[in-house]
Amino acid sequence: MIIAIDGPAATGKSTTAKALAERLGFTYLDTGAMYRAITLLILQKKVQIGENFALISLLKKFDLKIQQHEKQILVILNGEDVSNEIRRLDVTKYVSEVSALSAVRKSLVKIQRKIAKDQNCVVEGRDIGTIVFPDAEVKFYVVADYDVRAKRRLLDFKKLGEEKSIDELIEELKNRDKYDSEREHSPLLKANDAIEVDTTNLTIEEQVNFMFKKVKLIKG
Ligand code: DC
């Protein structure tokens, strides 16, 4: 069984998806982490971002694994644990551009389908309910107001020792949403049959409860 969770950045998607997977005893697959890992690889190898020969050959020979270690999700790129590095500011800066490339998407969607083939999964991303698993049994689309999203982002940045104003963060989120929604390949889009969850005024516990109940209602 596949539960697809899509939506823009900083809406509380990841925290909820992870907690929901735990509660259901499902595997949690964070596809954003996979796009981040490829972005890191491109930066490490100093490959120019764009559809080019160097990118295509890079995509032919990378090894990416998502492993669950106790409560932690580890992202292993070419044998190395890059779970922390993929959250770096430079990776965050370039990941939208990298994830807009069709060759990158093709390669990662293949891996995502393979991982979820034989197990129950909560899969989180931007195109899960529309492109990767259009037949997912339950689909959620998570949204929240810009103010709340910016405040959540502020906390993430503080952890990284980075100072930004709320206005600056709102502007960045708006630009990112626009870029992700208007890109040619697999734009960020709510699937027709997705349940919208507005997390603006919800606690994490409330979000998870709401989604858990919906899953039980639909699937018993
Ligand atoms: O969820 P996140 O912020 O870690 O995702 C990082 C980037 O990856 C974000 O800019 C959108 C992109 N992404 C995507 O294009 N498709 C997905 N299925 C998941 C993430």
# chains A, B, ... in the order shown; residues from 1 in each chain; ligands from 1

call {"tool": "closest_atom_pairs", "arguments": {"of": "chain A", "to": "ligand 1", "cutoff": "7 Å", "atoms": "only C-alpha atoms and all ligand atoms", "output": "JSON lines"}}
result
{"residue": "A:Ala9", "atom": "CA", "partner": "ligand 1", "partner_atom_place_in_ligand_line": "3 (O)", "distance": 5.1}
{"residue": "A:Thr31", "atom": "CA", "partner": "ligand 1", "partner_atom_place_in_ligand_line": "19 (C)", "distance": 4.7}
{"residue": "A:Gly32", "atom": "CA", "partner": "ligand 1", "partner_atom_place_in_ligand_line": "20 (C)", "distance": 3.5}
{"residue": "A:Ala33", "atom": "CA", "partner": "ligand 1", "partner_atom_place_in_ligand_line": "4 (O)", "distance": 5.2}
{"residue": "A:Tyr35", "atom": "CA", "partner": "ligand 1", "partner_atom_place_in_ligand_line": "8 (O)", "distance": 5.1}
{"residue": "A:Arg36", "atom": "CA", "partner": "ligand 1", "partner_atom_place_in_ligand_line": "6 (C)", "distance": 5.9}
{"residue": "A:Thr92", "atom": "CA", "partner": "ligand 1", "partner_atom_place_in_ligand_line": "6 (C)", "distance": 6.9}
{"residue": "A:Val95", "atom": "CA", "partner": "ligand 1", "partner_atom_place_in_ligand_line": "7 (C)", "distance": 5.2}
{"residue": "A:Ser96", "atom": "CA", "partner": "ligand 1", "partner_atom_place_in_ligand_line": "10 (O)", "distance": 3.9}
{"residue": "A:Ser99", "atom": "CA", "partner": "ligand 1", "partner_atom_place_in_ligand_line": "15 (O)", "distance": 4.7}
{"residue": "A:Ala100", "atom": "CA", "partner": "ligand 1", "partner_atom_place_in_ligand_line": "15 (O)", "distance": 6.4}
{"residue": "A:Glu124", "atom": "CA", "partner": "ligand 1", "partner_atom_place_in_ligand_line": "18 (N)", "distance": 6.8}
{"residue": "A:Gly125", "atom": "CA", "partner": "ligand 1", "partner_atom_place_in_ligand_line": "18 (N)", "distance": 3.6}
{"residue": "A:Arg126", "atom": "CA", "partner": "ligand 1", "partner_atom_place_in_ligand_line": "18 (N)", "distance": 4.2}
{"residue": "A:Asp127", "atom": "CA", "partner": "ligand 1", "partner_atom_place_in_ligand_line": "18 (N)", "distance": 5.0}
{"residue": "A:Ile128", "atom": "CA", "partner": "ligand 1", "partner_atom_place_in_ligand_line": "18 (N)", "distance": 5.9}
{"residue": "A:Arg176", "atom": "CA", "partner": "ligand 1", "partner_atom_place_in_ligand_line": "10 (O)", "distance": 6.8}
{"residue": "A:Asp180", "atom": "CA", "partner": "ligand 1", "partner_atom_place_in_ligand_line": "11 (C)", "distance": 6.4}

call {"tool": "write_last_selection", "arguments": {"atoms": "N, CA, C and O atoms", "output": "mmCIF file, in the first residue's frame"}}
result
data_model
loop_
_atom_site.group_PDB
_atom_site.id
_atom_site.type_symbol
_atom_site.label_atom_id
_atom_site.label_comp_id
_atom_site.auth_asym_id
_atom_site.auth_seq_id
_atom_site.Cartn_x
_atom_site.Cartn_y
_atom_site.Cartn_z
ATOM 1 N N ALA A 9 7.257 23.310 0.237
ATOM 2 C CA ALA A 9 8.242 23.217 1.329
ATOM 3 C C ALA A 9 7.720 23.875 2.604
ATOM 4 O O ALA A 9 6.896 24.790 2.553
ATOM 5 N N THR A 31 11.448 11.607 -0.691
ATOM 6 C CA THR A 31 12.042 11.734 -2.035
ATOM 7 C C THR A 31 12.799 13.057 -2.192
ATOM 8 O O THR A 31 13.712 13.150 -3.003
ATOM 9 N N GLY A 32 12.453 14.068 -1.372
ATOM 10 C CA GLY A 32 13.204 15.326 -1.403
ATOM 11 C C GLY A 32 14.665 15.069 -1.029
ATOM 12 O O GLY A 32 15.585 15.669 -1.599
ATOM 13 N N ALA A 33 14.873 14.138 -0.079
ATOM 14 C CA ALA A 33 16.236 13.803 0.349
ATOM 15 C C ALA A 33 17.027 13.207 -0.826
ATOM 16 O O ALA A 33 18.243 13.414 -0.938
ATOM 17 N N TYR A 35 16.548 13.991 -4.086
ATOM 18 C CA TYR A 35 16.929 15.106 -4.970
ATOM 19 C C TYR A 35 18.079 15.902 -4.356
ATOM 20 O O TYR A 35 18.957 16.390 -5.061
ATOM 21 N N ARG A 36 18.055 16.003 -3.031
ATOM 22 C CA ARG A 36 19.148 16.694 -2.346
ATOM 23 C C ARG A 36 20.469 15.926 -2.508
ATOM 24 O O ARG A 36 21.533 16.519 -2.685
ATOM 25 N N THR A 92 20.508 23.266 -0.525
ATOM 26 C CA THR A 92 19.154 23.836 -0.529
ATOM 27 C C THR A 92 19.005 24.865 -1.643
ATOM 28 O O THR A 92 17.972 24.957 -2.295
ATOM 29 N N VAL A 95 18.940 22.828 -5.159
ATOM 30 C CA VAL A 95 18.125 21.611 -5.369
ATOM 31 C C VAL A 95 16.916 21.828 -6.284
ATOM 32 O O VAL A 95 16.559 20.932 -7.058
ATOM 33 N N SER A 96 16.330 23.003 -6.266
ATOM 34 C CA SER A 96 15.172 23.257 -7.139
ATOM 35 C C SER A 96 15.581 23.131 -8.604
ATOM 36 O O SER A 96 14.878 22.524 -9.410
ATOM 37 N N SER A 99 16.321 19.506 -9.443
ATOM 38 C CA SER A 99 15.136 18.640 -9.511
ATOM 39 C C SER A 99 14.226 18.997 -10.687
ATOM 40 O O SER A 99 13.282 18.275 -10.969
ATOM 41 N N ALA A 100 14.531 20.077 -11.387
ATOM 42 C CA ALA A 100 13.744 20.418 -12.579
ATOM 43 C C ALA A 100 14.268 19.674 -13.815
ATOM 44 O O ALA A 100 13.626 19.695 -14.869
ATOM 45 N N GLU A 124 6.866 10.720 0.435
ATOM 46 C CA GLU A 124 6.677 12.170 0.519
ATOM 47 C C GLU A 124 7.458 12.895 -0.570
ATOM 48 O O GLU A 124 8.588 12.536 -0.862
ATOM 49 N N GLY A 125 6.810 13.887 -1.213
ATOM 50 C CA GLY A 125 7.522 14.644 -2.249
ATOM 51 C C GLY A 125 6.687 15.746 -2.844
ATOM 52 O O GLY A 125 5.945 16.441 -2.132
ATOM 53 N N ARG A 126 6.822 15.916 -4.177
ATOM 54 C CA ARG A 126 6.071 16.967 -4.874
ATOM 55 C C ARG A 126 5.191 16.382 -5.979
ATOM 56 O O ARG A 126 4.218 16.992 -6.387
ATOM 57 N N ASP A 127 5.589 15.215 -6.481
ATOM 58 C CA ASP A 127 4.911 14.629 -7.648
ATOM 59 C C ASP A 127 4.486 13.179 -7.368
ATOM 60 O O ASP A 127 4.305 12.401 -8.287
ATOM 61 N N ILE A 128 4.380 12.825 -6.114
ATOM 62 C CA ILE A 128 4.146 11.412 -5.770
ATOM 63 C C ILE A 128 2.741 10.974 -6.190
ATOM 64 O O ILE A 128 2.583 9.954 -6.868
ATOM 65 N N ARG A 176 10.357 29.790 -4.484
ATOM 66 C CA ARG A 176 10.520 28.339 -4.614
ATOM 67 C C ARG A 176 9.216 27.693 -5.096
ATOM 68 O O ARG A 176 9.212 26.850 -5.983
ATOM 69 N N ASP A 180 8.883 25.604 -8.482
ATOM 70 C CA ASP A 180 8.490 24.184 -8.434
ATOM 71 C C ASP A 180 7.157 23.952 -9.155
ATOM 72 O O ASP A 180 6.942 22.905 -9.758
#

call {"tool": "closest_atom_pairs", "arguments": {"of": "segment 87-143 of chain A", "to": "segment 59-67 of chain A", "cutoff": "12 Å", "atoms": "only C-alpha atoms", "output": "tab-separated table"}}
result
residue	atom	partner	partner_atom	distance
A:Leu101	CA	A:Leu59	CA	11.6
A:Ser102	CA	A:Leu59	CA	11.6
A:Ala103	CA	A:Leu59	CA	8.0
A:Val104	CA	A:Leu59	CA	7.2
A:Arg105	CA	A:Leu59	CA	10.4
A:Lys106	CA	A:Leu59	CA	9.9
A:Ser107	CA	A:Leu59	CA	7.1
A:Leu108	CA	A:Leu64	CA	9.3
A:Lys110	CA	A:Leu64	CA	11.8
A:Ile111	CA	A:Leu64	CA	8.6
A:Gln112	CA	A:Ile66	CA	10.0
A:Lys114	CA	A:Lys65	CA	11.4
A:Ile115	CA	A:Ile66	CA	9.0
A:Ala116	CA	A:Ile66	CA	11.6

call {"tool": "write_last_selection", "arguments": {"atoms": "C-alpha atoms", "output": "PDB file, in the first residue's frame"}}
result
ATOM      1  CA  LEU A 101      16.017  18.338 -14.850  1.00  0.00           C
ATOM      2  CA  SER A 102      14.212  15.551 -16.644  1.00  0.00           C
ATOM      3  CA  ALA A 103      17.211  13.164 -16.603  1.00  0.00           C
ATOM      4  CA  VAL A 104      17.486  13.520 -12.821  1.00  0.00           C
ATOM      5  CA  ARG A 105      13.760  12.934 -12.310  1.00  0.00           C
ATOM      6  CA  LYS A 106      13.733   9.861 -14.562  1.00  0.00           C
ATOM      7  CA  SER A 107      16.590   8.310 -12.699  1.00  0.00           C
ATOM      8  CA  LEU A 108      15.174   8.986  -9.212  1.00  0.00           C
ATOM      9  CA  LYS A 110      12.886   4.627 -11.144  1.00  0.00           C
ATOM     10  CA  ILE A 111      14.577   4.111  -7.770  1.00  0.00           C
ATOM     11  CA  GLN A 112      11.493   5.355  -5.868  1.00  0.00           C
ATOM     12  CA  LYS A 114      11.690   0.060  -6.996  1.00  0.00           C
ATOM     13  CA  ILE A 115      11.923   0.838  -3.262  1.00  0.00           C
ATOM     14  CA  ALA A 116       8.129   0.966  -2.846  1.00  0.00           C
TER      15      ALA A 116
END

call {"tool": "closest_residue", "arguments": {"among": "A:Thr27, A:Thr39, A:Gln72, A:Asn120", "to": "Ile2 of chain A", "atoms": "only C-alpha atoms"}}
result
A:Asn120

call {"tool": "closest_residue", "arguments": {"among": "A:Ile3, A:Ile131, A:Ala10, A:Val109", "to": "Leu169 of chain A", "atoms": "only C-alpha atoms"}}
result
A:Ala10

call {"tool": "select_by_dssp", "arguments": {"residues": "segment 67-147 of chain A", "states": "alpha helix (DSSP H)", "output": "list in words"}}
result
Leu89, Asp90, Val91, Thr92, Lys93, Tyr94, Val95, Ser96, Glu97, Val98, Ser99, Ser102, Ala103, Val104, Arg105, Lys106, Ser107, Leu108, Val109, Lys110, Ile111, Gln112, Arg113, Lys114, Ile115, Ala116, Tyr146 and Asp147 of chain A

call {"tool": "closest_residue", "arguments": {"among": "A:Met1, A:Cys121, A:Ala144, A:Val91", "to": "Asp198 of chain A", "atoms": "only C-alpha atoms"}}
result
A:Ala144

call {"tool": "atom_distance", "arguments": {"atom1": "atom CA of Asp145 of chain A", "atom2": "atom CA of Met211 of chain A"}}
result
19.1 Å

call {"tool": "closest_residue", "arguments": {"among": "A:Ile5, A:Asp156, A:Glu205, A:Glu70", "to": "Pro134 of chain A", "atoms": "only C-alpha atoms"}}
result
A:Ile5

call {"tool": "atom_distance", "arguments": {"atom1": "atom CA of Ile56 of chain A", "atom2": "atom CA of Val98 of chain A"}}
result
12.6 Å

call {"tool": "residues_around", "arguments": {"residues": "segment 17-23 of chain A", "least_positions_apart": "2", "cutoff": "12 Å", "atoms": "only C-alpha atoms", "output": "PyMOL selection string"}}
result
chain A and resi 1-7+11-15+25-31+68+70-73+119-125+139-142+204-216

call {"tool": "closest_residue", "arguments": {"among": "A:Asn84, A:Thr199, A:Asn78, A:Gln44", "to": "Arg152 of chain A", "atoms": "only C-alpha atoms"}}
result
A:Thr199

call {"tool": "select_by_dssp", "arguments": {"residues": "segment 20-220 of chain A", "states": "strand (DSSP E or B)", "output": "JSON, numbers by chain"}}
result
{"A": [27, 28, 29, 30, 64, 65, 66, 67, 68, 69, 72, 73, 74, 75, 76, 77, 80, 81, 121, 122, 123, 124, 125, 138, 139, 140, 141, 142, 143, 195, 196, 197, 198]}

call {"tool": "residues_around", "arguments": {"residues": "Leu58 of chain A", "least_positions_apart": "5", "cutoff": "9 Å", "atoms": "only C-alpha atoms", "output": "ChimeraX atom specification"}}
result
/A:41-42,45,47,53

call {"tool": "write_last_selection", "arguments": {"atoms": "N, CA and C atoms", "output": "short mmCIF file (atom, residue, chain, number, x, y, z; two decimals), in the first residue's frame"}}
result
data_model
loop_
_atom_site.label_atom_id
_atom_site.label_comp_id
_atom_site.auth_asym_id
_atom_site.auth_seq_id
_atom_site.Cartn_x
_atom_site.Cartn_y
_atom_site.Cartn_z
N LEU A 41 25.88 15.49 -4.97
CA LEU A 41 26.81 14.79 -5.86
C LEU A 41 27.28 15.72 -6.99
N ILE A 42 26.34 16.46 -7.55
CA ILE A 42 26.67 17.40 -8.64
C ILE A 42 27.64 18.47 -8.13
N LYS A 45 31.12 16.84 -7.47
CA LYS A 45 31.85 16.52 -8.72
C LYS A 45 32.04 17.74 -9.60
N VAL A 47 29.99 19.35 -11.39
CA VAL A 47 29.33 19.23 -12.70
C VAL A 47 28.43 20.44 -12.86
N PHE A 53 26.46 16.19 -20.94
CA PHE A 53 27.10 14.88 -20.97
C PHE A 53 27.61 14.47 -19.58
#

call {"tool": "atom_distance", "arguments": {"atom1": "atom CA of Arg88 of chain A", "atom2": "atom CA of Arg153 of chain A"}}
result
13.6 Å

call {"tool": "decode", "arguments": {"residues": "segment 48-65 of chain A", "atoms": "N, CA and C atoms", "output": "short mmCIF file (atom, residue, chain, number, x, y, z; two decimals), in the first residue's frame"}}
result
data_model
loop_
_atom_site.label_atom_id
_atom_site.label_comp_id
_atom_site.auth_asym_id
_atom_site.auth_seq_id
_atom_site.Cartn_x
_atom_site.Cartn_y
_atom_site.Cartn_z
N GLN A 48 28.45 21.04 -14.05
CA GLN A 48 27.57 22.20 -14.30
C GLN A 48 26.13 21.75 -14.29
N ILE A 49 25.26 22.56 -13.65
CA ILE A 49 23.85 22.16 -13.56
C ILE A 49 23.17 22.42 -14.90
N GLY A 50 22.70 21.35 -15.52
CA GLY A 50 22.06 21.43 -16.83
C GLY A 50 22.08 20.05 -17.45
N GLU A 51 21.28 19.88 -18.50
CA GLU A 51 21.28 18.57 -19.16
C GLU A 51 22.55 18.50 -20.01
N ASN A 52 23.56 17.83 -19.55
CA ASN A 52 24.78 17.76 -20.34
C ASN A 52 25.42 16.38 -20.18
N PHE A 53 26.46 16.19 -20.94
CA PHE A 53 27.10 14.88 -20.97
C PHE A 53 27.61 14.47 -19.58
N ALA A 54 28.21 15.42 -18.87
CA ALA A 54 28.77 15.11 -17.55
C ALA A 54 27.67 14.66 -16.58
N LEU A 55 26.50 15.31 -16.67
CA LEU A 55 25.38 14.94 -15.79
C LEU A 55 24.89 13.53 -16.14
N ILE A 56 24.72 13.29 -17.43
CA ILE A 56 24.21 11.98 -17.85
C ILE A 56 25.15 10.87 -17.38
N SER A 57 26.46 11.10 -17.52
CA SER A 57 27.38 10.02 -17.10
C SER A 57 27.39 9.89 -15.57
N LEU A 58 27.19 10.98 -14.88
CA LEU A 58 27.11 10.92 -13.40
C LEU A 58 25.89 10.08 -12.99
N LEU A 59 24.79 10.28 -13.70
CA LEU A 59 23.54 9.59 -13.35
C LEU A 59 23.61 8.10 -13.67
N LYS A 60 24.59 7.72 -14.50
CA LYS A 60 24.70 6.30 -14.88
C LYS A 60 25.35 5.48 -13.78
N LYS A 61 26.11 6.16 -12.90
CA LYS A 61 26.90 5.32 -12.00
C LYS A 61 26.86 5.69 -10.51
N PHE A 62 25.81 6.35 -10.08
CA PHE A 62 25.74 6.65 -8.65
C PHE A 62 24.97 5.55 -7.91
N ASP A 63 25.24 5.45 -6.61
CA ASP A 63 24.53 4.46 -5.81
C ASP A 63 23.86 5.19 -4.64
N LEU A 64 22.54 5.12 -4.58
CA LEU A 64 21.81 5.86 -3.55
C LEU A 64 20.91 4.91 -2.78
N LYS A 65 21.09 4.93 -1.45
CA LYS A 65 20.24 4.06 -0.61
C LYS A 65 19.64 4.88 0.52
#
